[in-house]
Amino acid sequence: MTSDQAQPTPTDLPVTLADIEEAARLIEGQVVHTPFLPAPSLSRLTGADVWVKFENQQYVNSFKERGALTRLLDLSDEERARGVIAMSAGNHAQAVAYHASRLGIPATIVMPTTTPHVKVAATRSFGATVVLAGETIADAQETVERLINERGLVLVHPYDDKRIIAGQGTIGLEILDKNAELDTIIVPIGGGGLISGIAVAVKAKAPEIEIIGVEAALYPSMYAELHGEEARCGGNTLAEGIAVKNVGKLTRKITQALVDDVVLVEEAAIERAVNAFLALQKTVAEGAGAAGLAAILQHPERFRGKRVGLVLCGGNIDPRLLASIIVRELAREGRMVAIRMGIPDRPGVLGEISTLIGEMDGNVVEVAHHRLFLDVPAKGAMLDVTMETRNNDHADEIIRALEGRGYKVDRLDAAETAD
């Protein structure tokens, strides 16, 4: 990794292969040994030979169980009695809450107020006390520190902890057990615990495999750290699970030593990747979980022809958000199209239009009349039609046919169609 500072050697690192192998023994049988499978549909889409590690199949639908359980099993009896506290946008929260409940350990979880409701509700369902504070993980940290001082709780850090990193590294061991012939493994980066653990495991056993990290462009924390730049973080990202402003000290050291590169992805690529996992792979990925695929979609030339392993690290996405993504992608592909027409306000016009669309194999989904718009003639109306079509070319054919009947047709853009 490019850096102005001297890179630490693997022997100087805070987590070793032995630590990860010990974590694997500790959590054996208590977390899911998730499948690592080829993804032919994603390979055709990207031009790379894509394999996917399905961490969305864990009980709480996220890799976070591995590190959380490893850390909890390391607690003394006295620490278990005091209880634990964690700060998380959702997945670490659920993992700590779930396994703390299994082990009889009281858990308090501090979550940003912007955390999707589905993650807050899931965390509470495991019996944890949830405290909502601040808009980001960094904001929530002040509340965590206050509660630790007031109640003597034990912190289970989401990423900057040796046991957490070791637990996440068990993913790397499982990937190598299934396929040691990879060229590249792409790993999402938030605070860096996941990529640090995987990098330690993989580079120790198969150093020729390239490890690439990926961050949301709105939160380039690790990228900035490793390039000696100021991290300008902020904004609403679909990948809220990796929207971290401050990377860990331990994770920075490991990433600097072992990770080959970090790339940034835009929101459009993340959105497209979430949709691709659902439409082509028939599996649910949250924004952070889809970041690896987003990297291939945004930088196709870099990965074309390579055998690439993706870590689908989580599947906890708000159902309404997922539905919106699906509709927006249909609009981009021309499979869901909205048009607006000025029409005379007389009987039979709507039937004529819908018949024409049907004859051309379009399917009318929604119709809205607007008679009170001031720019519409008193004897006219504005008609909005949303229809299903095969693709953009098919939609254009229908529009031309309507225009051939004398209607002036405006096609609405994808955002208007979806909203």
# chains A, B, ... in the order shown; residues from 1 in each chain; ligands from 1
$ residues_around --residues "Asp177 of chain A" --least-positions-apart "3" --cutoff "12 Å" --atoms "only C-alpha atoms" --output "mmCIF file with all heavy atoms, in the first residue's frame"
data_model
loop_
_atom_site.group_PDB
_atom_site.id
_atom_site.type_symbol
_atom_site.label_atom_id
_atom_site.label_comp_id
_atom_site.auth_asym_id
_atom_site.auth_seq_id
_atom_site.Cartn_x
_atom_site.Cartn_y
_atom_site.Cartn_z
ATOM 1 N N HIS A 33 -20.859 -21.557 9.225
ATOM 2 C CA HIS A 33 -19.748 -21.692 8.282
ATOM 3 C C HIS A 33 -20.349 -21.402 6.910
ATOM 4 O O HIS A 33 -20.803 -22.302 6.210
ATOM 5 C CB HIS A 33 -19.182 -23.114 8.347
ATOM 6 C CG HIS A 33 -17.818 -23.254 7.749
ATOM 7 N ND1 HIS A 33 -17.560 -22.961 6.429
ATOM 8 C CD2 HIS A 33 -16.634 -23.651 8.279
ATOM 9 C CE1 HIS A 33 -16.286 -23.181 6.168
ATOM 10 N NE2 HIS A 33 -15.698 -23.590 7.272
ATOM 11 N N THR A 34 -20.353 -20.127 6.512
ATOM 12 C CA THR A 34 -21.121 -19.688 5.347
ATOM 13 C C THR A 34 -20.508 -20.194 4.040
ATOM 14 O O THR A 34 -19.301 -20.386 3.940
ATOM 15 C CB THR A 34 -21.215 -18.160 5.296
ATOM 16 O OG1 THR A 34 -19.890 -17.610 5.280
ATOM 17 C CG2 THR A 34 -21.973 -17.629 6.494
ATOM 18 N N PRO A 35 -21.349 -20.385 3.021
ATOM 19 C CA PRO A 35 -20.836 -20.879 1.744
ATOM 20 C C PRO A 35 -20.000 -19.843 1.007
ATOM 21 O O PRO A 35 -20.218 -18.629 1.147
ATOM 22 C CB PRO A 35 -22.110 -21.211 0.954
ATOM 23 C CG PRO A 35 -23.183 -20.417 1.589
ATOM 24 C CD PRO A 35 -22.818 -20.279 3.029
ATOM 25 N N PHE A 36 -19.039 -20.328 0.236
ATOM 26 C CA PHE A 36 -18.250 -19.507 -0.679
ATOM 27 C C PHE A 36 -18.414 -20.138 -2.054
ATOM 28 O O PHE A 36 -17.860 -21.199 -2.320
ATOM 29 C CB PHE A 36 -16.785 -19.490 -0.243
ATOM 30 C CG PHE A 36 -15.903 -18.618 -1.107
ATOM 31 C CD1 PHE A 36 -16.160 -17.267 -1.251
ATOM 32 C CD2 PHE A 36 -14.793 -19.155 -1.768
ATOM 33 C CE1 PHE A 36 -15.347 -16.463 -2.039
ATOM 34 C CE2 PHE A 36 -13.970 -18.368 -2.543
ATOM 35 C CZ PHE A 36 -14.248 -17.015 -2.687
ATOM 36 N N LEU A 37 -19.202 -19.474 -2.909
ATOM 37 C CA LEU A 37 -19.677 -20.114 -4.137
ATOM 38 C C LEU A 37 -19.404 -19.261 -5.368
ATOM 39 O O LEU A 37 -19.377 -18.019 -5.288
ATOM 40 C CB LEU A 37 -21.185 -20.364 -4.039
ATOM 41 C CG LEU A 37 -21.672 -21.261 -2.899
ATOM 42 C CD1 LEU A 37 -23.189 -21.233 -2.830
ATOM 43 C CD2 LEU A 37 -21.153 -22.679 -3.079
ATOM 44 N N LYS A 53 -18.678 -14.892 -0.832
ATOM 45 C CA LYS A 53 -18.741 -15.402 0.530
ATOM 46 C C LYS A 53 -20.009 -14.834 1.166
ATOM 47 O O LYS A 53 -20.103 -13.634 1.436
ATOM 48 C CB LYS A 53 -17.502 -14.977 1.318
ATOM 49 C CG LYS A 53 -17.443 -15.475 2.756
ATOM 50 C CD LYS A 53 -17.348 -16.972 2.853
ATOM 51 C CE LYS A 53 -16.994 -17.420 4.281
ATOM 52 N NZ LYS A 53 -17.252 -18.856 4.476
ATOM 53 N N THR A 170 -11.499 -15.210 10.558
ATOM 54 C CA THR A 170 -11.885 -16.591 10.256
ATOM 55 C C THR A 170 -12.550 -16.708 8.885
ATOM 56 O O THR A 170 -12.555 -17.777 8.283
ATOM 57 C CB THR A 170 -12.837 -17.140 11.346
ATOM 58 O OG1 THR A 170 -14.017 -16.319 11.421
ATOM 59 C CG2 THR A 170 -12.148 -17.143 12.710
ATOM 60 N N ILE A 171 -13.081 -15.602 8.379
ATOM 61 C CA ILE A 171 -13.631 -15.603 7.021
ATOM 62 C C ILE A 171 -12.538 -15.920 6.005
ATOM 63 O O ILE A 171 -12.741 -16.677 5.058
ATOM 64 C CB ILE A 171 -14.280 -14.238 6.699
ATOM 65 C CG1 ILE A 171 -15.507 -14.018 7.577
ATOM 66 C CG2 ILE A 171 -14.657 -14.147 5.216
ATOM 67 C CD1 ILE A 171 -16.111 -12.635 7.451
ATOM 68 N N GLY A 172 -11.358 -15.336 6.212
ATOM 69 C CA GLY A 172 -10.250 -15.593 5.317
ATOM 70 C C GLY A 172 -9.856 -17.060 5.287
ATOM 71 O O GLY A 172 -9.571 -17.622 4.221
ATOM 72 N N LEU A 173 -9.848 -17.695 6.464
ATOM 73 C CA LEU A 173 -9.524 -19.122 6.524
ATOM 74 C C LEU A 173 -10.541 -19.942 5.732
ATOM 75 O O LEU A 173 -10.187 -20.870 5.001
ATOM 76 C CB LEU A 173 -9.496 -19.596 7.975
ATOM 77 C CG LEU A 173 -8.434 -18.981 8.899
ATOM 78 C CD1 LEU A 173 -8.544 -19.592 10.294
ATOM 79 C CD2 LEU A 173 -7.030 -19.177 8.337
ATOM 80 N N GLU A 174 -11.822 -19.611 5.883
ATOM 81 C CA GLU A 174 -12.872 -20.362 5.195
ATOM 82 C C GLU A 174 -12.803 -20.163 3.679
ATOM 83 O O GLU A 174 -13.044 -21.103 2.914
ATOM 84 C CB GLU A 174 -14.238 -19.950 5.735
ATOM 85 C CG GLU A 174 -14.462 -20.386 7.177
ATOM 86 C CD GLU A 174 -15.811 -19.943 7.731
ATOM 87 O OE1 GLU A 174 -16.675 -19.530 6.919
ATOM 88 O OE2 GLU A 174 -16.004 -20.008 8.951
ATOM 89 N N ALA A 180 -8.229 -21.623 -3.052
ATOM 90 C CA ALA A 180 -6.956 -20.946 -2.846
ATOM 91 C C ALA A 180 -6.376 -20.425 -4.156
ATOM 92 O O ALA A 180 -5.233 -19.980 -4.202
ATOM 93 C CB ALA A 180 -5.957 -21.888 -2.183
ATOM 94 N N GLU A 181 -7.152 -20.485 -5.238
ATOM 95 C CA GLU A 181 -6.661 -20.065 -6.553
ATOM 96 C C GLU A 181 -7.193 -18.695 -6.956
ATOM 97 O O GLU A 181 -7.205 -18.340 -8.132
ATOM 98 C CB GLU A 181 -7.048 -21.108 -7.608
ATOM 99 C CG GLU A 181 -6.414 -22.477 -7.352
ATOM 100 C CD GLU A 181 -6.793 -23.488 -8.414
ATOM 101 O OE1 GLU A 181 -7.561 -23.124 -9.328
ATOM 102 O OE2 GLU A 181 -6.321 -24.628 -8.334
ATOM 103 N N LEU A 182 -7.624 -17.920 -5.999
ATOM 104 C CA LEU A 182 -8.119 -16.575 -6.286
ATOM 105 C C LEU A 182 -6.978 -15.645 -6.671
ATOM 106 O O LEU A 182 -5.854 -15.779 -6.186
ATOM 107 C CB LEU A 182 -8.839 -16.006 -5.063
ATOM 108 C CG LEU A 182 -10.117 -16.713 -4.609
ATOM 109 C CD1 LEU A 182 -10.567 -16.171 -3.268
ATOM 110 C CD2 LEU A 182 -11.224 -16.552 -5.644
ATOM 111 N N ALA A 201 -5.009 -13.455 7.701
ATOM 112 C CA ALA A 201 -5.177 -14.875 7.402
ATOM 113 C C ALA A 201 -4.710 -15.213 5.992
ATOM 114 O O ALA A 201 -3.973 -16.184 5.782
ATOM 115 C CB ALA A 201 -6.645 -15.267 7.573
ATOM 116 N N VAL A 202 -5.136 -14.427 5.021
ATOM 117 C CA VAL A 202 -4.847 -14.745 3.621
ATOM 118 C C VAL A 202 -3.377 -14.536 3.294
ATOM 119 O O VAL A 202 -2.748 -15.391 2.643
ATOM 120 C CB VAL A 202 -5.747 -13.906 2.688
ATOM 121 C CG1 VAL A 202 -5.316 -14.074 1.232
ATOM 122 C CG2 VAL A 202 -7.204 -14.312 2.857
ATOM 123 N N LYS A 205 -1.125 -17.350 4.473
ATOM 124 C CA LYS A 205 -1.255 -18.658 3.828
ATOM 125 C C LYS A 205 -1.169 -18.599 2.304
ATOM 126 O O LYS A 205 -0.785 -19.586 1.666
ATOM 127 C CB LYS A 205 -2.589 -19.305 4.238
ATOM 128 C CG LYS A 205 -2.752 -19.451 5.752
ATOM 129 C CD LYS A 205 -3.955 -20.271 6.119
ATOM 130 C CE LYS A 205 -3.695 -21.749 5.912
ATOM 131 N NZ LYS A 205 -4.765 -22.597 6.479
ATOM 132 N N ALA A 206 -1.542 -17.475 1.711
ATOM 133 C CA ALA A 206 -1.503 -17.335 0.251
ATOM 134 C C ALA A 206 -1.124 -15.894 -0.098
ATOM 135 O O ALA A 206 -1.963 -15.110 -0.553
ATOM 136 C CB ALA A 206 -2.849 -17.708 -0.360
#
$ closest_atom_pairs --of "segment 37-103 of chain A" --to "segment 137-160 of chain A" --cutoff "8 Å" --atoms "only C-alpha atoms" --output "tab-separated table"
residue	atom	partner	partner_atom	distance
A:Ala68	CA	A:Val156	CA	7.3
A:Arg71	CA	A:Val156	CA	7.1
A:Leu72	CA	A:Val156	CA	7.9
A:Glu79	CA	A:Val154	CA	6.6
A:Arg82	CA	A:Leu153	CA	5.8
A:Gly83	CA	A:Leu153	CA	5.4
A:Val84	CA	A:Val154	CA	4.5
A:Ile85	CA	A:Leu155	CA	5.0
A:Ala86	CA	A:Val156	CA	5.2
A:Met87	CA	A:Ala140	CA	6.7
A:Ser88	CA	A:Ile137	CA	6.4
A:Ala89	CA	A:Ile137	CA	6.8
A:His92	CA	A:Pro158	CA	6.1
A:Val96	CA	A:Val156	CA	7.9
$ closest_atom_pairs --of "segment 88-195 of chain A" --to "segment 258-280 of chain A" --cutoff "10 Å" --atoms "only C-alpha atoms" --output "CSV"
residue,atom,partner,partner_atom,distance
A:Thr184,CA,A:Asp260,CA,9.8
A:Ile186,CA,A:Val262,CA,9.3
A:Val187,CA,A:Val262,CA,9.3
A:Pro188,CA,A:Val262,CA,9.3
A:Ile189,CA,A:Val262,CA,8.7
A:Ile195,CA,A:Val259,CA,8.0
$ write_last_selection --atoms "N, CA and C atoms" --output "CSV table (one decimal), in the first residue's frame"
chain,number,residue,atom,x,y,z
A,184,THR,N,-7.8,-12.2,-6.4
A,184,THR,CA,-8.1,-11.0,-5.7
A,184,THR,C,-9.2,-11.3,-4.7
A,186,ILE,N,-11.9,-8.9,-2.5
A,186,ILE,CA,-12.4,-7.5,-2.3
A,186,ILE,C,-13.2,-7.5,-1.0
A,187,VAL,N,-12.8,-6.6,-0.1
A,187,VAL,CA,-13.4,-6.5,1.2
A,187,VAL,C,-13.9,-5.1,1.5
A,188,PRO,N,-15.1,-4.9,2.0
A,188,PRO,CA,-15.6,-3.6,2.4
A,188,PRO,C,-14.8,-3.1,3.6
A,189,ILE,N,-14.6,-1.8,3.7
A,189,ILE,CA,-13.9,-1.2,4.9
A,189,ILE,C,-14.8,-0.2,5.5
A,195,ILE,N,-11.3,-6.3,7.0
A,195,ILE,CA,-10.2,-6.4,6.1
A,195,ILE,C,-8.9,-6.8,6.8
$ select_by_dssp --residues "segment 324-398 of chain A" --states "alpha helix (DSSP H)" --output "PyMOL selection string"
chain A and resi 324-332+349-359+392-398
$ closest_residue --among "A:Leu293, A:Met336, A:Leu13, A:Val308" --to "Asn391 of chain A" --atoms "only C-alpha atoms"
A:Met336
$ atom_distance --atom1 "atom CA of Val131 of chain A" --atom2 "atom CA of Val118 of chain A"
15.1 Å
$ atom_distance --atom1 "atom CA of Ser101 of chain A" --atom2 "atom CA of Gly315 of chain A"
21.5 Å
$ atom_distance --atom1 "atom CA of Met382 of chain A" --atom2 "atom CA of Gly358 of chain A"
20.2 Å
$ decode --residues "segment 162-193 of chain A" --atoms "C-alpha atoms" --output "mmCIF file, in the first residue's frame"
data_model
loop_
_atom_site.group_PDB
_atom_site.id
_atom_site.type_symbol
_atom_site.label_atom_id
_atom_site.label_comp_id
_atom_site.auth_asym_id
_atom_site.auth_seq_id
_atom_site.Cartn_x
_atom_site.Cartn_y
_atom_site.Cartn_z
ATOM 1 C CA LYS A 162 -7.421 -7.782 18.681
ATOM 2 C CA ARG A 163 -10.082 -10.371 19.437
ATOM 3 C CA ILE A 164 -12.608 -8.703 17.127
ATOM 4 C CA ILE A 165 -10.067 -8.658 14.288
ATOM 5 C CA ALA A 166 -9.133 -12.293 14.918
ATOM 6 C CA GLY A 167 -12.780 -13.347 14.808
ATOM 7 C CA GLN A 168 -13.398 -11.567 11.512
ATOM 8 C CA GLY A 169 -10.253 -13.166 10.106
ATOM 9 C CA THR A 170 -11.885 -16.591 10.256
ATOM 10 C CA ILE A 171 -13.631 -15.603 7.021
ATOM 11 C CA GLY A 172 -10.250 -15.593 5.317
ATOM 12 C CA LEU A 173 -9.524 -19.122 6.524
ATOM 13 C CA GLU A 174 -12.872 -20.362 5.195
ATOM 14 C CA ILE A 175 -12.334 -18.710 1.810
ATOM 15 C CA LEU A 176 -8.940 -20.370 1.419
ATOM 16 C CA ASP A 177 -10.383 -23.738 2.447
ATOM 17 C CA LYS A 178 -12.776 -23.503 -0.512
ATOM 18 C CA ASN A 179 -10.642 -21.789 -3.144
ATOM 19 C CA ALA A 180 -6.956 -20.946 -2.846
ATOM 20 C CA GLU A 181 -6.661 -20.065 -6.553
ATOM 21 C CA LEU A 182 -8.119 -16.575 -6.286
ATOM 22 C CA ASP A 183 -6.345 -13.612 -7.815
ATOM 23 C CA THR A 184 -8.073 -11.010 -5.652
ATOM 24 C CA ILE A 185 -10.314 -10.709 -2.607
ATOM 25 C CA ILE A 186 -12.353 -7.500 -2.301
ATOM 26 C CA VAL A 187 -13.406 -6.522 1.213
ATOM 27 C CA PRO A 188 -15.587 -3.589 2.395
ATOM 28 C CA ILE A 189 -13.911 -1.222 4.861
ATOM 29 C CA GLY A 190 -15.617 0.687 7.651
ATOM 30 C CA GLY A 191 -13.322 0.840 10.664
ATOM 31 C CA GLY A 192 -11.131 -1.863 9.147
ATOM 32 C CA GLY A 193 -11.669 -4.878 11.403
#
